[in-house]
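See below for coords-v1.csv, which holds CSV, C-alpha atoms and all ligand atoms.
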```csv
chain,number,residue,atom,x,y,z
L,1,MET,CA,78.5,91.8,98.3
L,2,SER,CA,81.7,93.3,99.8
L,3,LEU,CA,84.4,90.9,100.7
L,4,LEU,CA,85.6,93.1,103.5
L,5,GLN,CA,83.5,95.7,105.3
L,6,VAL,CA,85.1,98.1,107.8
L,7,SER,CA,82.5,100.2,109.6
L,8,ASN,CA,83.1,103.1,112.0
L,9,LEU,CA,86.3,101.4,113.2
L,10,VAL,CA,87.9,103.0,116.3
L,11,VAL,CA,91.3,102.0,117.7
L,12,GLU,CA,92.6,103.4,121.0
L,13,PHE,CA,95.6,103.1,123.2
L,14,PRO,CA,95.7,103.8,126.9
L,15,HIS,CA,97.6,107.0,127.8
L,16,ARG,CA,98.5,108.6,131.0
L,17,HIS,CA,95.8,111.2,130.6
L,18,GLY,CA,93.1,108.8,129.4
L,19,THR,CA,93.1,107.3,125.9
L,20,LEU,CA,94.7,108.1,122.6
L,21,ARG,CA,92.4,107.6,119.6
L,22,ALA,CA,94.6,106.4,116.8
L,23,LEU,CA,91.9,105.4,114.4
L,24,ASP,CA,88.6,107.4,114.5
L,25,ASP,CA,85.5,106.3,112.6
L,26,ILE,CA,87.2,104.5,109.7
L,27,SER,CA,84.7,103.0,107.1
L,28,PHE,CA,85.5,101.4,103.8
L,29,ASP,CA,85.0,98.2,102.0
L,30,ILE,CA,86.9,96.0,99.5
L,31,ALA,CA,85.1,94.1,96.7
L,32,PRO,CA,86.2,90.6,95.8
L,33,GLY,CA,89.4,90.8,93.6
L,34,GLU,CA,89.8,94.5,94.1
L,35,ILE,CA,93.1,96.2,94.9
L,36,LEU,CA,92.5,99.0,97.4
L,37,GLY,CA,95.5,101.3,98.1
L,38,VAL,CA,95.8,103.0,101.5
L,39,VAL,CA,98.1,105.9,101.4
L,40,GLY,CA,99.1,108.8,103.7
L,41,GLU,CA,102.0,110.3,105.5
L,42,SER,CA,103.8,108.4,108.3
L,43,GLY,CA,101.6,108.1,111.4
L,44,ALA,CA,98.3,108.5,109.5
L,45,GLY,CA,97.1,105.1,110.7
L,46,LYS,CA,97.7,102.9,107.7
L,47,SER,CA,99.4,100.1,109.5
L,48,LEU,CA,97.0,100.1,112.4
L,49,THR,CA,94.1,99.7,110.0
L,50,GLY,CA,95.8,96.7,108.5
L,51,ALA,CA,96.7,95.3,111.9
L,52,ALA,CA,93.1,95.6,113.1
L,53,ILE,CA,91.9,93.7,110.0
L,54,ILE,CA,94.3,90.8,110.4
L,55,GLY,CA,93.8,90.7,114.2
L,56,LEU,CA,97.3,91.6,115.0
L,57,LEU,CA,96.9,94.9,116.9
L,58,GLU,CA,99.5,95.0,119.5
L,59,PRO,CA,98.1,95.3,123.0
L,60,PRO,CA,97.3,97.6,124.8
L,61,GLY,CA,96.0,98.9,121.4
L,62,ARG,CA,92.4,97.7,121.0
L,63,VAL,CA,89.4,98.0,118.8
L,64,ALA,CA,87.2,100.3,120.8
L,65,GLY,CA,84.4,100.7,118.4
L,66,GLY,CA,82.9,99.8,115.1
L,67,GLU,CA,83.2,96.4,113.4
L,68,ILE,CA,85.1,94.5,110.7
L,69,ARG,CA,83.3,91.9,108.6
L,70,LEU,CA,84.8,89.4,106.1
L,71,GLU,CA,82.3,87.8,103.8
L,72,GLY,CA,79.6,89.1,106.1
L,73,GLN,CA,81.1,87.4,109.2
L,74,ARG,CA,82.2,89.6,112.0
L,75,ILE,CA,86.0,89.1,112.7
L,76,ASP,CA,86.9,92.0,115.0
L,77,ASN,CA,85.6,90.1,118.1
L,78,LEU,CA,86.9,86.6,117.4
L,79,GLY,CA,89.2,84.8,119.8
L,80,HIS,CA,92.9,84.3,119.2
L,81,GLU,CA,92.6,80.8,117.7
L,82,ALA,CA,89.7,81.6,115.5
L,83,MET,CA,91.5,84.6,114.2
L,84,ARG,CA,94.6,82.7,113.6
L,85,HIS,CA,92.6,80.3,111.4
L,86,ILE,CA,91.1,83.2,109.4
L,87,ARG,CA,94.5,84.8,109.0
L,88,GLY,CA,95.9,81.8,107.3
L,89,ARG,CA,92.9,80.7,105.3
L,90,LYS,CA,91.0,83.8,104.4
L,91,ILE,CA,93.5,86.7,104.9
L,92,GLY,CA,97.1,86.5,103.9
L,93,ALA,CA,99.6,89.1,105.3
L,94,ILE,CA,102.7,90.6,103.7
L,95,PHE,CA,104.9,92.9,105.8
L,96,GLN,CA,107.7,95.2,105.0
L,97,ASP,CA,110.5,92.9,106.2
L,98,PRO,CA,110.2,89.4,104.7
L,99,LEU,CA,112.0,88.0,107.7
L,100,THR,CA,109.1,88.7,110.0
L,101,SER,CA,107.0,86.3,108.0
L,102,LEU,CA,109.6,83.5,107.5
L,103,ASN,CA,111.0,81.2,110.2
L,104,PRO,CA,114.8,81.1,109.7
L,105,LEU,CA,115.0,77.5,111.1
L,106,TYR,CA,112.9,75.8,108.5
L,107,THR,CA,113.2,75.5,104.7
L,108,ILE,CA,110.8,77.5,102.8
L,109,GLY,CA,109.3,74.3,101.4
L,110,ARG,CA,108.5,73.1,105.0
L,111,GLN,CA,106.8,76.4,105.7
L,112,LEU,CA,104.8,76.4,102.5
L,113,VAL,CA,103.7,72.8,102.9
L,114,GLU,CA,102.8,73.3,106.5
L,115,THR,CA,100.6,76.3,105.6
L,116,ILE,CA,98.9,74.5,102.7
L,117,ARG,CA,98.2,71.4,104.8
L,118,THR,CA,97.0,73.4,107.8
L,119,HIS,CA,94.3,75.0,105.7
L,120,LEU,CA,93.6,72.8,102.7
L,121,PRO,CA,92.6,69.1,102.6
L,122,VAL,CA,95.6,67.9,100.6
L,123,ASN,CA,98.3,65.3,101.3
L,124,GLU,CA,102.1,66.0,101.7
L,125,ARG,CA,102.9,65.2,98.1
L,126,GLU,CA,100.2,67.4,96.7
L,127,ALA,CA,101.1,70.2,99.1
L,128,ARG,CA,104.7,70.1,97.9
L,129,ARG,CA,103.6,70.1,94.3
L,130,ARG,CA,101.5,73.2,95.0
L,131,ALA,CA,104.3,74.8,96.8
L,132,ILE,CA,106.7,74.4,93.9
L,133,ALA,CA,104.0,75.7,91.5
L,134,LEU,CA,103.5,78.8,93.8
L,135,LEU,CA,107.3,79.5,93.9
L,136,GLU,CA,107.4,79.2,90.1
L,137,ASP,CA,104.4,81.6,89.8
L,138,THR,CA,106.2,84.1,92.0
L,139,GLY,CA,109.2,84.0,89.7
L,140,ILE,CA,111.7,81.9,91.8
L,141,PRO,CA,114.1,80.3,89.3
L,142,GLY,CA,114.8,76.6,89.9
L,143,ALA,CA,111.8,76.4,92.3
L,144,ALA,CA,112.0,72.6,92.5
L,145,GLN,CA,115.5,72.8,94.1
L,146,ARG,CA,115.1,76.2,95.8
L,147,ILE,CA,112.1,74.8,97.8
L,148,ASP,CA,114.6,73.0,100.1
L,149,HIS,CA,116.6,76.1,100.9
L,150,TYR,CA,116.4,78.2,104.0
L,151,PRO,CA,115.3,81.9,104.1
L,152,HIS,CA,118.8,83.2,104.5
L,153,GLN,CA,119.8,81.6,101.3
L,154,PHE,CA,117.6,84.0,99.3
L,155,SER,CA,118.2,87.7,98.4
L,156,GLY,CA,115.8,90.3,99.9
L,157,GLY,CA,113.8,90.5,96.7
L,158,MET,CA,113.6,86.7,96.3
L,159,ARG,CA,112.6,86.4,100.0
L,160,GLN,CA,109.7,88.8,99.5
L,161,ARG,CA,108.6,86.6,96.5
L,162,VAL,CA,108.6,83.6,98.9
L,163,VAL,CA,106.5,85.6,101.4
L,164,ILE,CA,104.0,86.4,98.6
L,165,ALA,CA,103.9,82.7,97.8
L,166,LEU,CA,103.3,81.9,101.5
L,167,ALA,CA,100.6,84.6,101.8
L,168,LEU,CA,98.8,83.0,98.9
L,169,ALA,CA,99.4,79.4,99.9
L,170,ALA,CA,96.0,78.8,101.5
L,171,GLU,CA,94.2,80.5,98.7
L,172,PRO,CA,93.0,83.5,100.8
L,173,LYS,CA,90.4,85.9,99.6
L,174,LEU,CA,92.2,88.9,100.8
L,175,ILE,CA,95.9,89.9,101.1
L,176,VAL,CA,96.9,92.7,103.4
L,177,ALA,CA,100.3,94.0,102.2
L,178,ASP,CA,101.9,96.6,104.5
L,179,GLU,CA,104.7,98.5,102.6
L,180,PRO,CA,105.7,95.2,101.0
L,181,THR,CA,108.6,96.7,99.1
L,182,THR,CA,109.9,99.5,101.3
L,183,ALA,CA,112.8,97.3,102.7
L,184,LEU,CA,113.9,96.3,99.2
L,185,ASP,CA,116.4,97.7,96.8
L,186,VAL,CA,114.7,100.4,94.7
L,187,SER,CA,115.6,98.6,91.5
L,188,ILE,CA,113.4,95.6,92.3
L,189,GLN,CA,110.5,97.4,94.1
L,190,ALA,CA,108.5,97.8,90.9
L,191,GLN,CA,109.0,94.1,89.9
L,192,ILE,CA,107.6,92.9,93.3
L,193,ILE,CA,104.6,95.3,93.1
L,194,GLN,CA,103.8,94.1,89.6
L,195,LEU,CA,104.2,90.5,90.7
L,196,LEU,CA,101.8,91.0,93.6
L,197,LYS,CA,99.3,92.7,91.4
L,198,GLY,CA,99.5,90.1,88.7
L,199,ILE,CA,99.4,87.1,90.9
L,200,CYS,CA,96.5,88.4,93.0
L,201,LYS,CA,94.5,89.4,90.0
L,202,GLU,CA,95.1,86.0,88.4
L,203,ARG,CA,93.8,84.2,91.5
L,204,GLY,CA,91.0,86.7,92.2
L,205,ALA,CA,92.4,87.6,95.6
L,206,ALA,CA,91.6,91.1,96.8
L,207,VAL,CA,94.5,93.2,98.1
L,208,MET,CA,94.7,96.0,100.7
L,209,LEU,CA,98.0,97.7,99.7
L,210,ILE,CA,99.4,100.0,102.3
L,211,THR,CA,102.1,102.4,101.1
L,212,HIS,CA,103.2,106.0,101.5
L,213,ASP,CA,104.0,106.1,97.8
L,214,MET,CA,101.3,107.6,95.5
L,215,GLY,CA,103.2,106.5,92.5
L,216,VAL,CA,102.8,102.8,93.5
L,217,ILE,CA,99.1,103.4,94.1
L,218,ALA,CA,98.7,104.9,90.7
L,219,GLU,CA,100.3,101.9,89.0
L,220,THR,CA,98.6,99.2,91.0
L,221,CYS,CA,95.3,100.0,92.6
L,222,ASP,CA,91.7,100.1,91.5
L,223,ARG,CA,90.6,102.4,94.4
L,224,VAL,CA,92.5,104.3,97.0
L,225,ALA,CA,91.8,105.5,100.5
L,226,VAL,CA,93.8,108.6,101.6
L,227,MET,CA,94.4,108.7,105.4
L,228,TYR,CA,95.2,111.6,107.6
L,229,ALA,CA,95.5,111.7,111.4
L,230,GLY,CA,93.6,108.5,111.9
L,231,ARG,CA,90.8,109.2,109.6
L,232,ILE,CA,90.0,108.7,105.9
L,233,ALA,CA,90.4,112.1,104.1
L,234,GLU,CA,89.3,110.8,100.7
L,235,ILE,CA,88.4,107.6,99.0
L,236,GLY,CA,87.5,106.8,95.4
L,237,PRO,CA,88.6,105.2,92.1
L,238,VAL,CA,92.3,105.7,91.6
L,239,GLN,CA,92.2,107.7,88.4
L,240,GLU,CA,89.6,110.1,89.8
L,241,VAL,CA,91.5,110.6,93.1
L,242,ILE,CA,94.7,111.2,91.2
L,243,HIS,CA,93.4,113.4,88.4
L,244,GLN,CA,90.6,115.3,90.3
L,245,PRO,CA,91.5,115.1,93.9
L,246,ALA,CA,88.7,116.5,96.0
L,247,HIS,CA,90.6,116.9,99.3
L,248,PRO,CA,93.4,119.5,99.6
L,249,TYR,CA,95.5,116.9,101.4
L,250,THR,CA,95.2,114.5,98.5
L,251,SER,CA,96.2,117.3,96.1
L,252,GLY,CA,99.3,117.9,98.3
L,253,LEU,CA,100.2,114.2,98.2
L,254,MET,CA,99.7,114.1,94.5
L,255,ALA,CA,102.2,116.9,94.1
L,256,SER,CA,104.7,114.8,95.9
L,257,ILE,CA,104.8,112.0,93.2
L,258,PRO,CA,108.3,112.2,91.9
L,259,ASP,CA,108.5,114.2,88.7
L,260,MET,CA,111.9,114.4,87.1
L,261,THR,CA,111.1,117.6,85.3
L,262,VAL,CA,110.7,119.8,88.4
L,263,ASP,CA,112.6,120.5,91.6
L,264,ARG,CA,110.2,118.7,93.9
L,265,GLU,CA,112.2,119.2,97.0
L,266,ARG,CA,111.3,122.9,96.7
L,267,LEU,CA,108.0,122.8,95.0
L,268,ASN,CA,105.9,120.0,96.3
L,269,GLN,CA,106.1,119.6,100.0
L,270,ILE,CA,102.9,120.1,102.1
L,271,ASP,CA,103.8,122.7,104.7
L,272,GLY,CA,103.8,121.6,108.3
L,273,ALA,CA,103.5,118.2,109.8
L,274,MET,CA,100.7,115.8,110.7
L,275,PRO,CA,99.5,116.5,114.3
L,276,ARG,CA,100.3,114.1,117.1
L,277,LEU,CA,97.4,112.0,118.4
L,278,ASN,CA,97.2,114.0,121.6
L,279,ALA,CA,97.1,117.3,119.8
L,280,ILE,CA,94.6,116.8,116.9
L,281,PRO,CA,93.2,120.2,116.0
L,282,SER,CA,89.4,120.7,116.4
L,283,GLY,CA,87.4,120.8,113.2
L,284,CYS,CA,89.2,119.2,110.3
L,285,ALA,CA,92.6,117.8,111.5
L,286,PHE,CA,94.2,119.1,108.3
L,287,ASN,CA,93.0,122.7,108.7
L,288,PRO,CA,96.3,124.2,110.0
L,289,ARG,CA,98.1,123.0,106.8
L,290,CYS,CA,95.3,123.5,104.4
L,291,PRO,CA,95.7,126.1,101.7
L,292,ARG,CA,91.9,126.3,101.3
L,293,VAL,CA,90.9,126.5,104.9
L,294,PHE,CA,87.9,128.6,106.0
L,295,ASP,CA,86.2,129.3,109.3
L,296,ARG,CA,84.0,126.2,109.5
L,297,CYS,CA,87.0,123.9,109.0
L,298,ARG,CA,88.4,125.1,112.4
L,299,ILE,CA,85.2,124.3,114.2
L,300,ASP,CA,83.3,121.4,112.7
L,301,ARG,CA,84.8,118.1,111.8
L,302,PRO,CA,83.7,116.9,108.3
L,303,ASP,CA,82.7,113.3,107.6
L,304,LEU,CA,83.1,111.8,104.1
L,305,MET,CA,80.7,113.3,101.7
L,306,ASN,CA,80.2,113.0,97.9
L,307,ALA,CA,82.7,115.1,96.1
L,308,GLY,CA,82.4,114.6,92.4
L,309,ALA,CA,83.7,111.1,91.5
L,310,THR,CA,85.1,110.5,95.0
L,311,ARG,CA,84.1,110.9,98.6
L,312,ALA,CA,86.1,113.4,100.7
L,313,ALA,CA,85.9,114.6,104.3
L,314,CYS,CA,86.1,118.3,103.3
L,315,TRP,CA,83.6,121.1,103.8
L,316,LEU,CA,84.5,122.4,100.3
L,317,HIS,CA,82.1,119.7,99.0
L,318,GLU,CA,79.2,120.2,101.3
L,319,ALA,CA,76.1,120.1,99.0
L,320,ALA,CA,74.5,123.4,98.7
L,321,PRO,CA,70.9,123.3,100.0
L,322,ALA,CA,68.5,122.8,97.1
L,323,TYR,CA,66.5,125.8,96.0
L,324,GLY,CA,63.7,126.5,98.5
L,325,GLU,CA,65.2,124.2,101.1
L,326,VAL,CA,65.8,125.8,104.5
L,327,ALA,CA,69.6,125.8,105.2
P,401,LIG,N1,101.6,101.0,120.6
P,401,LIG,C1,101.3,102.2,120.3
P,401,LIG,N2,101.0,103.1,121.4
P,401,LIG,C2,100.6,104.4,121.1
P,401,LIG,N3,100.5,104.9,119.9
P,401,LIG,C3,100.7,104.1,118.8
P,401,LIG,C4,101.1,102.7,119.0
P,401,LIG,N4,101.2,102.2,117.7
P,401,LIG,C5,100.9,103.2,116.9
P,401,LIG,N5,100.6,104.3,117.5
P,401,LIG,C6,100.2,105.6,116.9
P,401,LIG,O1,99.1,105.4,116.0
P,401,LIG,C7,99.3,106.3,114.9
P,401,LIG,C8,99.2,105.5,113.6
P,401,LIG,O2,100.3,104.7,113.5
P,401,LIG,P1,100.5,103.7,112.2
P,401,LIG,O3,101.7,102.9,112.4
P,401,LIG,O4,99.2,103.1,111.8
P,401,LIG,O5,100.8,104.8,111.1
P,401,LIG,P2,101.2,104.6,109.5
P,401,LIG,O6,100.3,105.5,108.7
P,401,LIG,O7,101.2,103.2,109.2
P,401,LIG,O8,102.7,105.2,109.5
P,401,LIG,P3,104.0,104.6,108.8
P,401,LIG,O9,103.9,105.0,107.4
P,401,LIG,O10,105.1,105.3,109.5
P,401,LIG,O11,104.0,103.1,109.0
P,401,LIG,C9,100.6,107.0,115.1
P,401,LIG,O12,100.4,108.3,115.6
P,401,LIG,C10,101.3,106.1,116.1
P,401,LIG,O13,102.2,106.9,116.8
```
Translate this structure into structure tokens?
Ligand SMILES: Nc1ncnc2c1ncn2[C@@H]1O[C@H](COP(=O)(O)OP(=O)(O)OP(=O)(O)O)[C@@H](O)[C@H]1O
Amino acid sequence: MSLLQVSNLVVEFPHRHGTLRALDDISFDIAPGEILGVVGESGAGKSLTGAAIIGLLEPPGRVAGGEIRLEGQRIDNLGHEAMRHIRGRKIGAIFQDPLTSLNPLYTIGRQLVETIRTHLPVNEREARRRAIALLEDTGIPGAAQRIDHYPHQFSGGMRQRVVIALALAAEPKLIVADEPTTALDVSIQAQIIQLLKGICKERGAAVMLITHDMGVIAETCDRVAVMYAGRIAEIGPVQEVIHQPAHPYTSGLMASIPDMTVDRERLNQIDGAMPRLNAIPSGCAFNPRCPRVFDRCRIDRPDLMNAGATRAACWLHEAAPAYGEVA
């Protein structure tokens, strides 16, 4: 059974001329222990998808359709308190800026111990032992002493390690990590991603990893969902999506992976920009930028369909009617 099931999710914001649909009919699932990457240009809807799952959509944004299930239980319609419990115990969250997850007024030990004791039936002493072990596992040197330090006493990279420890403290089944290394020095980004991958795989925690970096996806994820203008353009196993992309948008993103041997500034940009939410083109939202556009793409909106080893929302992959079948 899937750990997480997102079905036909719609997120809307009120707007002076009605509503803006920011996520439109998003469906995917995550298996236990799986790392799913979510990639796409800025504004594609990656963070909103993560926020809807962890119950932190900022009002007036709201889930206006579809449902989200964790271990079969519906979580998109839970009250504030019930969701807060799920968020600590079953879903851990890691954001771009470690300081949004840490309270500057408390030592990291106090924050870890409190999280552990809120969600797991252990005493103070055992919680502290676990907290130190977690800090050791996340690569904090001298964890037994560092546990009594405050967040500002850590470097950015060390702080994000603490946040990873905090996200894992209550042994959740799923971690939602939204651009977890974007705010960090480039030289330590890869270390933190590798740490996240290693520690989650070890513990059997699934990860939804949101990033705009296809290179990170390639190195880290089992499967990837490519988002464009509030919808999933393509989803499939990472190697297949990378080596045989079925959606022209994915091909464009792939070409933007840094390659030292070519002048990518010139060669590998996708022409044009993603449409604003109030000006999504009819048909396929990518059609004005698509090098393979044809008439139907401007009229009918494609849903995800089988496209070789992946699923893509692209009319190029519409199954030809079988011989003898009326088209
Ligand atoms: N509070 C809001 N009110 C109106 N529109 C919003 C609000 N929050 C987000 N949006 C819109 O929803 C869309 C998706 O935003 P989201 O933050 O999920 O994108 P993203 O793919 O995570 O981008 P980035 O990589 O820049 O974080 C964007 O067009 C954004 O402008």
Could you build a table of the residues in chain L lying no more than 7 Å from ligand LIG 401 (chain P), giving for each the nearest pair of atoms and their separation in Å rounded to one decimal place, using only C-alpha atoms and all ligand atoms, ordered by chain and ascending residue number, as a tab-separated table?
```
residue	atom	partner	partner_atom	distance
L:Phe13	CA	P:LIG401	C2	5.6
L:Ala22	CA	P:LIG401	O1	4.7
L:Gly40	CA	P:LIG401	O6	6.1
L:Glu41	CA	P:LIG401	O9	5.9
L:Ser42	CA	P:LIG401	O9	3.5
L:Gly43	CA	P:LIG401	O5	3.4
L:Ala44	CA	P:LIG401	O6	3.7
L:Gly45	CA	P:LIG401	O4	3.1
L:Lys46	CA	P:LIG401	O6	3.8
L:Ser47	CA	P:LIG401	O7	3.6
L:Leu48	CA	P:LIG401	O4	3.8
L:Thr49	CA	P:LIG401	O4	6.4
L:Glu58	CA	P:LIG401	N1	6.5
L:Pro60	CA	P:LIG401	N1	6.9
L:Gly61	CA	P:LIG401	N1	6.0
L:His212	CA	P:LIG401	O9	6.0
L:Gly230	CA	P:LIG401	C8	6.6
L:Arg276	CA	P:LIG401	O12	6.0
L:Leu277	CA	P:LIG401	O12	5.5
```
Next on the checklist: With distances taken over only C-alpha atoms, which residue among L:Arg87, L:Arg289, L:His17, L:Arg161 lies nearest Leu102 of chain L?
Outcome noted: L:Arg161
Next on the checklist: Between atom CA of Leu135 of chain L and atom CA of Ala165 of chain L, what distance in Å does the model show, to one decimal?
Outcome noted: 6.1 Å
As lines of an AutoDock Vina configuration file, please: the centre and edge lengths in Å, to one decimal, of an axis-aligned box enclosing every listed atom of segment 11-28 of chain L with 3 Å added on each side.
```
center_x = 91.6
center_y = 106.3
center_z = 117.4
size_x = 19.8
size_y = 15.8
size_z = 33.2
```
Item to check | Within-8 Å shell of (99.6, 71.5, 100.9) in input frame, all atoms listed in the file, as a PyMOL selection string | outcome: chain L and resi 112-131+169
Item to check | Within 10 Å of Ala52 of chain L using only C-alpha atoms, minus same-chain residues under 2 positions, as a list in words | outcome: Val6, Leu9, Val10, Val11, Leu23, Ser47, Leu48, Thr49, Gly50, Ile54, Gly55, Leu56, Leu57, Glu58, Gly61, Arg62, Val63, Glu67, Ile68, Ile75 and Asp76 of chain L
Next on the checklist: Please report the interatomic distance between atom CA of Met1 of chain L and atom CA of Gly204 of chain L in Å with one decimal.
Outcome noted: 14.8 Å
Next on the checklist: Between L:Gly37, L:Pro151, L:Gly79, L:Pro237, which residue has the minimum interatomic distance to Arg110 of chain L, considering only C-alpha atoms?
Outcome noted: L:Pro151
Around the point (99.7, 91.7, 101.9), in the coordinates given by the file, pick out the residues reaching within 6 Å, counting all atoms listed in the file, and return them as an mmCIF file with C-alpha atoms, keeping the file's coordinate frame.
```cif
data_model
loop_
_atom_site.group_PDB
_atom_site.id
_atom_site.type_symbol
_atom_site.label_atom_id
_atom_site.label_comp_id
_atom_site.auth_asym_id
_atom_site.auth_seq_id
_atom_site.Cartn_x
_atom_site.Cartn_y
_atom_site.Cartn_z
ATOM 1 C CA ALA L 93 99.600 89.100 105.300
ATOM 2 C CA ILE L 94 102.700 90.600 103.700
ATOM 3 C CA ILE L 175 95.900 89.900 101.100
ATOM 4 C CA VAL L 176 96.900 92.700 103.400
ATOM 5 C CA ALA L 177 100.300 94.000 102.200
ATOM 6 C CA ASP L 178 101.900 96.600 104.500
#
```
Checklist entry - How many Å separate atom CA of Ile232 of chain L from atom CA of Thr220 of chain L? => result 19.7 Å
Next on the checklist: At a cut-off of 12 Å, using all atoms listed in the file, what residues contact Gly252 of chain L? Leave out same-chain residues fewer than 6 positions from it and give the result as a VMD selection string.
Outcome noted: chain L and resid 40 to 41 214 226 228 241 to 242 245 to 246 264 267 to 272 286 289 to 292
Next on the checklist: Please determine, counting only C-alpha atoms, which residue among L:Ala225, L:Cys297, L:Val39, L:Met158 has the shortest atom-to-atom distance to Gln189 of chain L.
Outcome noted: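 The shortest atom-to-atom distance to Gln189 of chain L comes from L:Met158.
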Checklist entry - Restricting the calculation to all atoms listed in the file, which member of L:Asp295, L:Gly66, L:Leu20, L:Ile108 is positioned closest to Asn8 of chain L? => result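 Result for the nearest residue to Asn8 of chain L: L:Gly66.
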Item to check | Spatial neighbours of Leu316 of chain L, max dist 10 Å, all atoms listed in the file, sep filter under 5 positions, as a list in words | outcome: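 Contacts, in chain order: Ala246, His247, Pro248, Arg292, Val293, Phe294, Arg296, Cys297, Pro302, Met305 and Ala307 of chain L.
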Next on the checklist: Which residue is closest to Ala279 of chain L? Choose from L:Ser256, L:Arg21, L:Asp29, L:Gly308 and count all atoms listed in the file.
Outcome noted: L:Arg21
Item to check | For Glu136 of chain L, the nearest of the candidates L:Leu99, L:Ala170, L:Ile299, L:Leu195, counting all atoms listed in the file | outcome: L:Leu195
